[in-house]
$ cat coords-v1.tsv   # TSV, C-alpha atoms
chain	number	residue	atom	x	y	z
A	1	MET	CA	100.75	113.59	138.47
A	2	ILE	CA	97.79	111.55	139.67
A	3	LYS	CA	96.90	112.12	143.33
A	4	LEU	CA	95.79	109.07	145.27
A	5	ILE	CA	92.87	109.58	147.61
A	6	ASN	CA	92.72	107.96	151.02
A	7	MET	CA	89.19	106.66	150.91
A	8	LYS	CA	89.05	106.04	154.65
A	9	ASN	CA	89.69	109.67	155.50
A	10	SER	CA	88.17	111.38	152.50
A	11	SER	CA	84.67	112.73	152.43
A	12	GLN	CA	84.64	112.57	148.63
A	13	PRO	CA	82.50	109.71	147.27
A	14	LEU	CA	84.01	106.94	145.21
A	15	TYR	CA	81.05	106.91	142.81
A	16	LEU	CA	78.63	109.47	141.38
A	17	THR	CA	75.20	109.08	139.86
A	18	ALA	CA	74.67	110.08	136.24
A	19	ARG	CA	73.03	113.32	137.37
A	20	GLU	CA	75.87	114.14	139.77
A	21	ALA	CA	78.56	113.34	137.20
A	22	SER	CA	76.85	115.42	134.51
A	23	ALA	CA	76.47	118.34	136.90
A	24	GLU	CA	80.12	118.11	138.00
A	25	LEU	CA	81.27	118.38	134.38
A	26	SER	CA	78.50	120.75	133.25
A	27	ILE	CA	77.57	118.42	130.43
A	28	SER	CA	74.48	116.61	129.21
A	29	PRO	CA	73.86	112.92	129.98
A	30	ALA	CA	74.48	112.15	126.31
A	31	THR	CA	77.97	113.67	126.55
A	32	LEU	CA	78.60	111.73	129.74
A	33	TYR	CA	77.75	108.49	127.94
A	34	ALA	CA	80.10	109.50	125.12
A	35	TYR	CA	82.94	109.93	127.63
A	36	VAL	CA	82.15	106.49	129.01
A	37	SER	CA	82.22	104.90	125.54
A	38	ARG	CA	85.64	106.48	124.90
A	39	GLY	CA	86.95	104.98	128.12
A	40	LEU	CA	87.50	108.32	129.83
A	41	ILE	CA	85.04	107.60	132.65
A	42	ARG	CA	84.44	104.16	134.12
A	43	SER	CA	80.93	103.03	134.99
A	44	GLU	CA	79.35	99.92	136.48
A	45	PRO	CA	75.81	98.81	137.31
A	46	GLU	CA	74.29	99.78	140.64
A	47	GLU	CA	73.41	96.80	142.80
A	48	ASP	CA	69.72	95.89	142.57
A	49	SER	CA	69.15	98.61	139.97
A	50	ARG	CA	69.26	99.21	136.23
A	51	ALA	CA	71.03	102.52	136.83
A	52	LYS	CA	74.80	102.89	136.58
A	53	ARG	CA	77.29	104.64	138.82
A	54	TYR	CA	80.39	106.49	137.65
A	55	ARG	CA	83.89	106.68	139.10
A	56	ALA	CA	84.24	110.01	140.85
A	57	ASP	CA	88.02	110.16	140.43
A	58	ASP	CA	87.61	109.82	136.64
A	59	VAL	CA	85.08	112.65	136.64
A	60	ARG	CA	87.38	114.88	138.70
A	61	ALA	CA	90.40	114.01	136.54
A	62	LEU	CA	88.48	114.87	133.38
A	63	LYS	CA	87.28	118.12	134.91
A	64	ASN	CA	90.76	119.16	136.01
A	65	ARG	CA	92.50	118.15	132.82
A	66	ARG	CA	93.95	121.05	130.90
A	67	ALA	CA	91.86	121.83	127.84
A	68	PRO	CA	93.59	120.61	124.67
A	69	PRO	CA	94.81	123.26	122.25
A	70	PRO	CA	92.65	124.10	119.23
A	71	GLU	CA	93.08	121.58	116.47
A	72	GLN	CA	95.69	122.67	113.97
A	73	ARG	CA	94.30	123.30	110.52
A	74	GLY	CA	94.97	120.36	108.21
A	75	LEU	CA	95.98	117.99	111.00
A	76	LYS	CA	94.02	115.24	112.64
A	77	GLY	CA	93.57	115.77	116.38
A	78	PHE	CA	95.69	113.87	118.86
A	79	GLU	CA	94.00	112.18	121.81
A	80	GLY	CA	94.08	114.62	124.72
A	81	GLU	CA	95.01	111.92	127.24
A	82	LEU	CA	98.22	110.83	125.46
A	83	PRO	CA	101.61	111.79	126.97
A	84	VAL	CA	103.05	115.12	125.85
A	85	LEU	CA	106.72	116.12	126.09
A	86	ASP	CA	108.29	119.51	125.43
A	87	SER	CA	110.75	119.40	122.52
A	88	SER	CA	112.59	121.95	120.40
A	89	ILE	CA	113.52	119.41	117.72
A	90	SER	CA	110.50	119.24	115.42
A	91	THR	CA	106.78	119.66	115.02
A	92	ILE	CA	104.17	118.57	112.48
A	93	THR	CA	102.17	120.99	110.36
A	94	GLU	CA	99.85	120.73	107.38
A	95	ASP	CA	102.90	121.52	105.22
A	96	GLY	CA	104.83	118.59	106.67
A	97	PRO	CA	107.32	118.24	109.50
A	98	ILE	CA	109.33	121.24	110.65
A	99	TYR	CA	112.93	120.59	111.74
A	100	ARG	CA	113.97	123.32	114.19
A	101	GLY	CA	111.98	125.89	112.25
A	102	VAL	CA	112.88	124.57	108.78
A	103	ASN	CA	110.29	122.90	106.55
A	104	ALA	CA	111.47	119.35	105.86
A	105	VAL	CA	110.00	119.19	102.35
A	106	ALA	CA	111.86	122.36	101.36
A	107	LEU	CA	115.01	121.12	103.08
A	108	SER	CA	114.91	117.85	101.15
A	109	GLN	CA	115.32	119.61	97.82
A	110	THR	CA	119.05	120.19	98.43
A	111	ALA	CA	120.19	118.90	101.84
A	112	THR	CA	121.88	115.63	102.71
A	113	LEU	CA	121.00	113.46	105.69
A	114	GLU	CA	124.23	114.56	107.39
A	115	GLN	CA	123.29	118.24	107.01
A	116	THR	CA	119.82	117.45	108.31
A	117	ALA	CA	121.29	115.67	111.32
A	118	THR	CA	123.44	118.66	112.25
A	119	LEU	CA	120.32	120.82	112.08
A	120	LEU	CA	118.30	118.42	114.26
A	121	TRP	CA	121.19	118.14	116.74
A	122	ASP	CA	121.62	121.94	116.83
A	123	VAL	CA	125.34	121.61	116.09
A	124	SER	CA	127.31	124.81	116.60
A	125	GLY	CA	130.85	123.43	116.87
A	126	GLU	CA	132.94	121.18	114.67
A	127	ASP	CA	131.34	119.00	112.02
A	128	PRO	CA	130.51	115.66	113.69
A	129	PHE	CA	130.69	113.99	110.28
A	130	ALA	CA	134.40	114.59	109.87
A	131	PRO	CA	136.05	111.82	107.81
A	132	ASP	CA	137.99	110.45	110.79
A	133	ASN	CA	134.95	110.13	113.10
A	134	LEU	CA	134.22	106.49	112.30
A	135	PRO	CA	132.64	103.92	114.64
A	136	VAL	CA	134.76	101.68	116.81
A	137	ILE	CA	134.36	98.02	115.79
A	138	SER	CA	135.39	95.57	118.51
A	139	PRO	CA	136.20	91.90	117.80
A	140	ALA	CA	132.84	90.93	119.31
A	141	MET	CA	131.02	93.39	117.06
A	142	HIS	CA	132.88	92.09	114.02
A	143	ALA	CA	131.92	88.53	114.95
A	144	VAL	CA	128.26	89.54	115.28
A	145	LEU	CA	128.32	91.26	111.88
A	146	VAL	CA	129.75	88.11	110.29
A	147	ALA	CA	127.30	85.81	112.07
A	148	THR	CA	124.28	87.94	111.11
A	149	ALA	CA	125.29	88.59	107.50
A	150	ASN	CA	122.20	86.77	106.23
A	151	GLU	CA	119.77	88.07	108.85
A	152	ALA	CA	117.27	90.91	108.44
A	153	PRO	CA	119.04	94.32	108.23
A	154	LEU	CA	117.35	95.84	111.29
A	155	ALA	CA	118.09	92.77	113.43
A	156	ARG	CA	121.74	92.95	112.35
A	157	ALA	CA	121.94	96.66	113.22
A	158	ALA	CA	120.30	96.18	116.62
A	159	SER	CA	122.66	93.31	117.44
A	160	VAL	CA	125.84	95.25	116.72
A	161	LEU	CA	124.58	98.48	118.33
A	162	ALA	CA	123.86	96.54	121.52
A	163	LEU	CA	127.63	95.92	121.85
A	164	ALA	CA	128.80	99.33	120.66
A	165	SER	CA	128.63	101.25	123.95
A	166	ASP	CA	131.12	98.81	125.50
A	167	ALA	CA	133.46	99.17	122.54
A	168	ASP	CA	133.36	102.99	122.30
A	169	PRO	CA	135.41	104.69	125.06
A	170	ARG	CA	133.42	107.88	124.42
A	171	ALA	CA	129.98	106.25	124.71
A	172	TYR	CA	129.09	108.20	127.86
A	173	ASN	CA	130.69	111.53	126.95
A	174	ARG	CA	128.25	114.18	128.18
A	175	SER	CA	129.75	117.22	126.47
A	176	PRO	CA	127.70	118.76	123.63
A	177	ASP	CA	130.43	118.04	121.08
A	178	GLY	CA	130.96	114.54	122.47
A	179	ARG	CA	127.31	113.61	122.10
A	180	VAL	CA	126.90	114.85	118.52
A	181	GLN	CA	130.14	113.16	117.47
A	182	MET	CA	128.81	109.95	118.99
A	183	GLY	CA	125.59	110.53	117.05
A	184	ALA	CA	127.54	110.58	113.79
A	185	ARG	CA	129.32	107.35	114.72
A	186	ILE	CA	125.96	105.76	115.54
A	187	MET	CA	124.51	106.77	112.18
A	188	ARG	CA	127.52	105.44	110.28
A	189	LEU	CA	127.53	102.20	112.27
A	190	ALA	CA	123.78	101.63	111.86
A	191	ALA	CA	123.95	102.34	108.12
A	192	SER	CA	126.91	100.00	107.54
A	193	ALA	CA	125.21	97.21	109.52
A	194	ILE	CA	121.95	97.63	107.61
A	195	LEU	CA	123.69	97.77	104.25
A	196	GLY	CA	126.14	94.99	105.05
A	197	THR	CA	129.13	97.18	104.15
A	198	GLU	CA	132.18	98.61	105.87
A	199	ALA	CA	131.63	101.79	107.90
A	200	SER	CA	132.46	104.78	105.73
A	201	ALA	CA	132.62	108.57	105.84
A	202	ALA	CA	131.01	108.82	102.39
A	203	PRO	CA	127.62	110.59	102.26
A	204	LEU	CA	124.99	108.14	103.41
A	205	HIS	CA	122.75	108.52	100.37
A	206	LYS	CA	125.69	107.58	98.16
A	207	GLN	CA	126.45	104.56	100.36
A	208	VAL	CA	122.85	103.39	100.04
A	209	ALA	CA	122.79	103.91	96.28
A	210	ARG	CA	126.04	101.98	95.76
A	211	ALA	CA	124.86	99.10	97.96
A	212	TRP	CA	121.32	98.74	96.63
A	213	ALA	CA	120.66	100.43	93.30
A	214	PRO	CA	121.47	98.77	89.95
A	215	LYS	CA	122.11	102.28	88.61
A	216	PRO	CA	123.44	104.25	91.62
A	217	ALA	CA	123.77	107.60	89.87
A	218	GLN	CA	120.09	107.58	88.89
A	219	ALA	CA	118.89	106.63	92.38
A	220	GLU	CA	121.07	108.97	94.44
A	221	ASP	CA	118.79	112.01	94.35
A	222	PHE	CA	115.68	110.07	95.36
A	223	ILE	CA	117.55	108.36	98.20
A	224	ARG	CA	118.99	111.67	99.42
A	225	ARG	CA	115.57	113.31	99.49
A	226	ALA	CA	113.87	110.32	101.06
A	227	LEU	CA	116.45	110.17	103.86
A	228	VAL	CA	115.87	113.82	104.69
A	229	LEU	CA	112.08	113.44	104.68
A	230	LEU	CA	112.24	110.36	106.91
A	231	ALA	CA	114.82	111.74	109.34
A	232	GLU	CA	112.37	112.97	111.97
A	233	HIS	CA	108.65	113.04	112.69
A	234	GLU	CA	108.16	114.27	116.25
A	235	LEU	CA	107.02	111.80	118.96
A	236	ASN	CA	106.11	108.78	116.85
A	237	ALA	CA	106.13	105.34	118.48
A	238	SER	CA	109.80	104.53	117.94
A	239	THR	CA	110.96	107.98	119.05
A	240	PHE	CA	108.88	107.84	122.21
A	241	ALA	CA	110.24	104.36	122.95
A	242	LEU	CA	113.76	105.71	122.50
A	243	ARG	CA	113.10	108.66	124.81
A	244	VAL	CA	111.72	106.41	127.52
A	245	ALA	CA	114.82	104.22	127.23
A	246	ALA	CA	117.19	107.22	127.18
A	247	SER	CA	115.51	108.69	130.26
A	248	THR	CA	116.88	105.78	132.31
A	249	GLY	CA	120.43	107.04	131.64
A	250	ILE	CA	121.59	104.44	129.12
A	251	SER	CA	123.97	105.33	126.28
A	252	LEU	CA	122.75	106.69	122.96
A	253	TYR	CA	123.78	103.41	121.32
A	254	ASP	CA	121.42	101.44	123.55
A	255	ALA	CA	118.64	104.00	123.18
A	256	VAL	CA	118.78	103.61	119.39
A	257	VAL	CA	118.30	99.85	119.84
A	258	ALA	CA	114.98	100.63	121.54
A	259	GLY	CA	113.98	102.80	118.58
A	260	LEU	CA	114.88	100.06	116.10
A	261	ALA	CA	112.78	97.51	117.96
A	262	ALA	CA	109.69	99.74	117.88
A	263	LEU	CA	110.23	100.69	114.25
A	264	LYS	CA	109.79	97.08	113.11
A	265	GLY	CA	106.07	97.04	113.95
A	266	PRO	CA	103.60	96.81	111.03
A	267	ARG	CA	101.82	99.95	112.27
A	268	HIS	CA	105.05	101.94	112.08
A	269	GLY	CA	108.13	101.33	109.92
A	270	GLY	CA	106.85	97.88	109.03
A	271	ALA	CA	104.12	99.57	106.99
A	272	GLY	CA	106.69	100.15	104.23
A	273	PRO	CA	107.04	96.51	103.17
A	274	LEU	CA	103.24	96.16	103.21
A	275	ALA	CA	102.97	99.14	100.86
A	276	ALA	CA	105.65	97.58	98.64
A	277	ARG	CA	103.62	94.39	98.35
A	278	PHE	CA	100.57	96.41	97.33
A	279	VAL	CA	102.61	98.25	94.68
A	280	ALA	CA	103.96	94.94	93.34
A	281	ALA	CA	100.45	93.49	93.16
A	282	CYS	CA	99.23	96.56	91.27
A	283	ALA	CA	102.10	96.21	88.81
A	284	GLU	CA	101.18	92.61	88.10
A	285	GLY	CA	97.42	93.02	87.77
A	286	ASP	CA	94.51	95.44	87.54
A	287	PRO	CA	94.86	98.07	90.33
A	288	ALA	CA	91.15	98.93	90.27
A	289	MET	CA	90.13	95.30	90.72
A	290	LEU	CA	92.77	94.75	93.43
A	291	ILE	CA	91.54	97.77	95.38
A	292	ARG	CA	87.91	96.62	95.13
A	293	GLU	CA	88.81	93.11	96.28
A	294	ARG	CA	90.79	94.32	99.27
A	295	LEU	CA	88.04	96.65	100.41
A	296	ALA	CA	85.34	94.05	99.83
A	297	ASN	CA	87.30	91.64	102.07
A	298	GLY	CA	87.49	94.25	104.82
A	299	GLU	CA	91.19	94.91	104.25
A	300	TYR	CA	92.79	98.34	104.20
A	301	ILE	CA	95.04	99.76	101.47
A	302	PRO	CA	98.60	99.90	102.82
A	303	GLY	CA	100.48	103.11	102.13
A	304	PHE	CA	97.37	105.29	102.23
A	305	GLY	CA	95.96	107.47	104.98
A	306	HIS	CA	97.88	108.88	107.93
A	307	SER	CA	97.11	109.25	111.62
A	308	VAL	CA	98.17	112.91	111.53
A	309	TYR	CA	97.70	114.43	108.07
A	310	ARG	CA	94.08	114.97	107.05
A	311	ASN	CA	94.75	116.49	103.63
A	312	GLY	CA	97.51	114.14	102.57
A	313	ASP	CA	101.11	113.55	103.59
A	314	PRO	CA	103.17	116.45	102.14
A	315	ARG	CA	106.28	114.26	102.05
A	316	ALA	CA	104.54	111.71	99.85
A	317	MET	CA	103.05	114.36	97.61
A	318	ASP	CA	106.49	115.85	97.01
A	319	LEU	CA	108.11	112.52	96.14
A	320	LEU	CA	105.24	111.47	93.85
A	321	ALA	CA	105.23	114.89	92.17
A	322	SER	CA	108.91	114.46	91.35
A	323	MET	CA	108.14	111.11	89.75
A	324	HIS	CA	105.31	112.65	87.74
A	325	ARG	CA	107.62	115.43	86.51
A	326	SER	CA	110.22	112.88	85.45
A	327	GLY	CA	107.62	111.10	83.32
A	328	VAL	CA	108.80	107.67	84.48
A	329	ASP	CA	105.44	106.01	85.14
A	330	ASP	CA	102.23	107.87	85.98
A	331	ARG	CA	100.46	104.65	86.95
A	332	PHE	CA	101.85	104.85	90.45
A	333	ALA	CA	102.39	108.59	90.73
A	334	VAL	CA	98.89	109.55	89.56
A	335	ASP	CA	96.55	106.70	88.56
A	336	VAL	CA	96.71	104.39	91.60
A	337	PRO	CA	96.45	107.26	94.12
A	338	ALA	CA	93.40	108.55	92.23
A	339	LEU	CA	91.74	105.12	92.36
A	340	VAL	CA	92.37	104.75	96.08
A	341	LEU	CA	91.18	108.27	96.81
A	342	GLU	CA	87.94	107.61	94.94
A	343	ALA	CA	87.39	104.28	96.72
A	344	THR	CA	88.43	105.22	100.25
A	345	GLY	CA	88.93	108.97	100.54
A	346	GLU	CA	92.51	108.29	101.65
A	347	ARG	CA	95.60	109.88	100.13
A	348	PRO	CA	99.06	108.31	99.81
A	349	ASN	CA	101.50	108.54	102.68
A	350	ILE	CA	105.27	108.40	102.58
A	351	ASP	CA	105.31	104.59	102.85
A	352	TYR	CA	103.58	104.35	99.47
A	353	ALA	CA	105.82	106.99	97.89
A	354	ILE	CA	108.97	105.25	99.11
A	355	ALA	CA	107.69	101.87	97.90
A	356	VAL	CA	106.96	103.27	94.42
A	357	HIS	CA	110.36	104.94	94.08
A	358	ALA	CA	112.16	101.86	95.46
A	359	ARG	CA	110.51	99.69	92.81
A	360	THR	CA	111.27	102.19	90.06
A	361	HIS	CA	114.96	102.33	90.98
A	362	GLY	CA	115.26	98.58	91.48
A	363	LEU	CA	116.04	98.67	95.18
A	364	PRO	CA	115.84	95.28	96.93
A	365	VAL	CA	112.74	93.95	98.66
A	366	GLY	CA	112.65	95.19	102.25
A	367	SER	CA	114.67	98.30	101.48
A	368	GLU	CA	111.71	100.50	102.50
A	369	ILE	CA	111.98	99.84	106.24
A	370	ALA	CA	115.78	99.72	106.07
A	371	LEU	CA	115.86	103.15	104.42
A	372	PHE	CA	113.48	104.37	107.13
A	373	ALA	CA	115.82	103.09	109.86
A	374	ILE	CA	118.94	104.69	108.37
A	375	ALA	CA	117.19	108.03	108.09
A	376	ARG	CA	115.34	108.02	111.41
A	377	THR	CA	118.57	107.38	113.33
A	378	ALA	CA	119.25	111.11	112.89
A	379	GLY	CA	116.02	112.03	114.65
A	380	TRP	CA	116.48	109.37	117.33
A	381	VAL	CA	119.90	110.77	118.22
A	382	ALA	CA	118.40	114.26	118.46
A	383	HIS	CA	115.72	113.07	120.86
A	384	GLY	CA	118.18	110.96	122.82
A	385	ILE	CA	120.45	113.96	123.34
A	386	GLU	CA	117.51	116.16	124.34
A	387	GLN	CA	116.24	113.55	126.80
A	388	LEU	CA	119.66	112.98	128.36
A	389	LYS	CA	120.04	116.73	128.85
A	390	SER	CA	116.80	116.90	130.81
A	391	ARG	CA	117.93	114.15	133.23
A	392	ALA	CA	114.22	113.40	133.78
A	393	LEU	CA	112.85	109.87	134.02
A	394	ILE	CA	109.79	109.30	131.84
A	395	ARG	CA	107.40	107.39	134.04
A	396	PRO	CA	103.78	107.58	132.79
A	397	ARG	CA	100.99	106.51	135.11
A	398	ALA	CA	98.32	103.96	134.25
A	399	ARG	CA	94.63	104.74	134.57
A	400	TYR	CA	93.30	101.82	136.59
A	401	VAL	CA	90.29	100.05	135.07
A	402	GLY	CA	90.25	96.96	137.27
A	403	PRO	CA	87.76	96.00	139.98
A	404	ALA	CA	86.85	98.63	142.57
A	405	PRO	CA	88.63	98.33	145.94
A	406	GLY	CA	86.90	95.88	148.23
A	407	ARG	CA	84.47	94.66	145.61
A	408	LYS	CA	83.48	91.03	145.94
A	409	ARG	CA	84.50	88.86	143.00
$ encode --input "coords-v1.tsv" --output "structure tokens"
Amino acid sequence: MIKLINMKNSSQPLYLTAREASAELSISPATLYAYVSRGLIRSEPEEDSRAKRYRADDVRALKNRRAPPPEQRGLKGFEGELPVLDSSISTITEDGPIYRGVNAVALSQTATLEQTATLLWDVSGEDPFAPDNLPVISPAMHAVLVATANEAPLARAASVLALASDADPRAYNRSPDGRVQMGARIMRLAASAILGTEASAAPLHKQVARAWAPKPAQAEDFIRRALVLLAEHELNASTFALRVAASTGISLYDAVVAGLAALKGPRHGGAGPLAARFVAACAEGDPAMLIRERLANGEYIPGFGHSVYRNGDPRAMDLLASMHRSGVDDRFAVDVPALVLEATGERPNIDYAIAVHARTHGLPVGSEIALFAIARTAGWVAHGIEQLKSRALIRPRARYVGPAPGRKR
């Protein structure tokens, strides 16, 4: 909580000199200037002077801020000023995400997305994925599905989910069993809308394989593993958006719509199609030349590097290792990653691994982000349930960087 200071009655100054600010924080002037360049402390020129003055409230806030925890080995540090929420659902380690104490990479070797969801939701009662727990489809929802048959899969899913809470008489059931059963209906509804198929109780990886893969039996295992690996990844952008929406008290259906909207961004789930385009370009030409050209033009290599993992994305490494073991095509499992690593120092992330597998199994263009959405619905439901339990409204505060009070313009 940020405390507002009544400047008329406070003896504390609004601004500090460089010497005063450095002394307050017990730092050198060079460190003070570094804080200013990072935007943690605001400064402005003194009138009739070359010197600068520094906002005292920023200095005090920085001084009082809780020291960030030591950086985890193998992980890139998060910015200390970003919002932090307590959660028992998952965390991120150098070995990949951990789902309620279980390593996701290890879990993906045998588990289905449904089993992963029950773990993330901490289910202790009846199986929410019982065959008869299918979504309710109202006439309006059916009309939307027909009208959006040729639209993008995520837009179609968001459109029908926006109507689902009005159609489902159990949309606001607050019991533990009621919420996880609703979560299963949400997953089945989202998957059917994305795939353009009827809602089904069949395992989701089998539904995806039948809808997309020319040879479903050969693609099933990859799809199953990918869905598990993509199911959850702590407080990423779409999950945080969902939690903010859920904190207002809306239904889980509506909260998932917020997650879908955020997922579409090119810096999040939208990175998958960009990686797929890079893979397609490498398949049609010389990967080494393509990489050099992109870097020479100031472009980045999509599907490589990660904002969290310093030593490589364990999820990607597992999927690419499976491709290497199968002997399908080492160009994309080994050769291209080696070229990019040499040129940029960046290792493949899961977007690249999914794009490579999708191409190998003949999945349609755009399936990368759609697969992401189907999988991540499990994690979104987990976070939605956790947020609704807390009954707390997420209301971050802004750090004001506008003109000082009373300053002439």
$ atom_distance --input "coords-v1.tsv" --atom1 "atom CA of Gly269 of chain A" --atom2 "atom CA of Leu40 of chain A"
29.5 Å
$ residues_near_point --input "coords-v1.tsv" --point "(106.8, 94.6, 104.1)" --cutoff "10 Å" --atoms "only C-alpha atoms" --output "ChimeraX atom specification"
/A:264,266,269-278,302,355,365-369
$ atom_distance --input "coords-v1.tsv" --atom1 "atom CA of Ile98 of chain A" --atom2 "atom CA of Gly379 of chain A"
12.1 Å
$ residues_around --input "coords-v1.tsv" --residues "segment 219-226 of chain A" --least-positions-apart "2" --cutoff "10 Å" --atoms "only C-alpha atoms" --output "PyMOL selection string"
chain A and resi 104-114+203-210+212-217+228-231+315-316+318-319+322-323+350+353-354+357-358+360-363+371-372+375
$ atom_distance --input "coords-v1.tsv" --atom1 "atom CA of Val336 of chain A" --atom2 "atom CA of Asp313 of chain A"
15.7 Å
$ closest_residue --input "coords-v1.tsv" --among "A:Val180, A:Ala61, A:Val356, A:His306" --to "Asp330 of chain A" --atoms "all atoms listed in the file"
A:Val356
$ closest_residue --input "coords-v1.tsv" --among "A:Glu44, A:Asp254, A:Asp329, A:Asp286" --to "Ala158 of chain A" --atoms "all atoms listed in the file"
A:Asp254
$ closest_residue --input "coords-v1.tsv" --among "A:Val136, A:Ala149, A:Ala261, A:Leu85" --to "Leu393 of chain A" --atoms "all atoms listed in the file"
A:Leu85
$ closest_atom_pairs --input "coords-v1.tsv" --of "segment 78-163 of chain A" --to "segment 234-237 of chain A" --cutoff "12 Å" --atoms "all atoms listed in the file" --output "JSON lines"
{"residue": "A:Phe78", "atom": "CA", "partner": "A:Leu235", "partner_atom": "CA", "distance": 11.5}
{"residue": "A:Leu82", "atom": "CA", "partner": "A:Leu235", "partner_atom": "CA", "distance": 11.0}
{"residue": "A:Pro83", "atom": "CA", "partner": "A:Leu235", "partner_atom": "CA", "distance": 9.7}
{"residue": "A:Val84", "atom": "CA", "partner": "A:Leu235", "partner_atom": "CA", "distance": 8.6}
{"residue": "A:Leu85", "atom": "CA", "partner": "A:Leu235", "partner_atom": "CA", "distance": 8.3}
{"residue": "A:Asp86", "atom": "CA", "partner": "A:Leu235", "partner_atom": "CA", "distance": 10.1}
{"residue": "A:Ser87", "atom": "CA", "partner": "A:Glu234", "partner_atom": "CA", "distance": 8.5}
{"residue": "A:Ser88", "atom": "CA", "partner": "A:Glu234", "partner_atom": "CA", "distance": 9.8}
{"residue": "A:Ile89", "atom": "CA", "partner": "A:Glu234", "partner_atom": "CA", "distance": 7.6}
{"residue": "A:Ser90", "atom": "CA", "partner": "A:Glu234", "partner_atom": "CA", "distance": 5.6}
{"residue": "A:Thr91", "atom": "CA", "partner": "A:Glu234", "partner_atom": "CA", "distance": 5.7}
{"residue": "A:Ile92", "atom": "CA", "partner": "A:Glu234", "partner_atom": "CA", "distance": 7.0}
{"residue": "A:Thr93", "atom": "CA", "partner": "A:Glu234", "partner_atom": "CA", "distance": 10.8}
{"residue": "A:Gly96", "atom": "CA", "partner": "A:Glu234", "partner_atom": "CA", "distance": 11.0}
{"residue": "A:Pro97", "atom": "CA", "partner": "A:Glu234", "partner_atom": "CA", "distance": 7.9}
{"residue": "A:Ile98", "atom": "CA", "partner": "A:Glu234", "partner_atom": "CA", "distance": 9.0}
{"residue": "A:Tyr99", "atom": "CA", "partner": "A:Glu234", "partner_atom": "CA", "distance": 9.1}
{"residue": "A:Arg100", "atom": "CA", "partner": "A:Glu234", "partner_atom": "CA", "distance": 10.9}
{"residue": "A:Leu120", "atom": "CA", "partner": "A:Glu234", "partner_atom": "CA", "distance": 11.1}
$ closest_residue --input "coords-v1.tsv" --among "A:Ser43, A:Asn64, A:Thr197, A:Ser326" --to "Glu24 of chain A" --atoms "only C-alpha atoms"
A:Asn64
$ residues_around --input "coords-v1.tsv" --residues "Ala155 of chain A" --least-positions-apart "4" --cutoff "10 Å" --atoms "all atoms listed in the file" --output "list in words"
Thr148, Glu151, Ser159, Val160, Leu161, Ala193, Ile194, Val257, Leu260, Ala261 and Lys264 of chain A
$ residues_around --input "coords-v1.tsv" --residues "Tyr35 of chain A" --least-positions-apart "3" --cutoff "12 Å" --atoms "all atoms listed in the file" --output "PyMOL selection string"
chain A and resi 18+21-22+25+27-32+38-43+54-55+58-59+62-63
$ closest_residue --input "coords-v1.tsv" --among "A:Glu299, A:Glu46, A:Glu293, A:Asp168" --to "Ser251 of chain A" --atoms "all atoms listed in the file"
A:Asp168
$ closest_residue --input "coords-v1.tsv" --among "A:Leu119, A:Glu198, A:Ala343, A:Arg188" --to "Val146 of chain A" --atoms "only C-alpha atoms"
A:Glu198
$ decode --input "coords-v1.tsv" --residues "segment 344-354 of chain A" --atoms "N, CA and C atoms" --output "compact mmCIF listing (two decimals), in the first residue's frame"
# COMPACT_ATOMS: atom_id res chain seq x y z
N THR A 344 23.58 -16.17 -31.35
CA THR A 344 22.91 -15.26 -30.41
C THR A 344 23.14 -15.59 -28.94
N GLY A 345 23.56 -16.82 -28.65
CA GLY A 345 23.67 -17.24 -27.25
C GLY A 345 22.33 -17.65 -26.66
N GLU A 346 21.27 -17.67 -27.49
CA GLU A 346 19.94 -18.01 -27.00
C GLU A 346 19.61 -19.46 -27.33
N ARG A 347 18.90 -20.11 -26.41
CA ARG A 347 18.47 -21.50 -26.59
C ARG A 347 16.99 -21.55 -26.94
N PRO A 348 16.53 -22.66 -27.53
CA PRO A 348 15.12 -22.74 -27.93
C PRO A 348 14.18 -22.73 -26.74
N ASN A 349 13.02 -22.11 -26.93
CA ASN A 349 11.98 -22.19 -25.91
C ASN A 349 10.85 -23.08 -26.42
N ILE A 350 9.81 -23.20 -25.62
CA ILE A 350 8.77 -24.17 -25.97
C ILE A 350 8.01 -23.77 -27.23
N ASP A 351 7.98 -22.48 -27.57
CA ASP A 351 7.32 -22.06 -28.81
C ASP A 351 7.99 -22.69 -30.02
N TYR A 352 9.32 -22.72 -30.02
CA TYR A 352 10.06 -23.33 -31.13
C TYR A 352 9.81 -24.84 -31.16
N ALA A 353 9.88 -25.48 -29.99
CA ALA A 353 9.70 -26.93 -29.94
C ALA A 353 8.31 -27.33 -30.42
N ILE A 354 7.30 -26.59 -30.02
CA ILE A 354 5.94 -26.88 -30.47
C ILE A 354 5.83 -26.68 -31.98
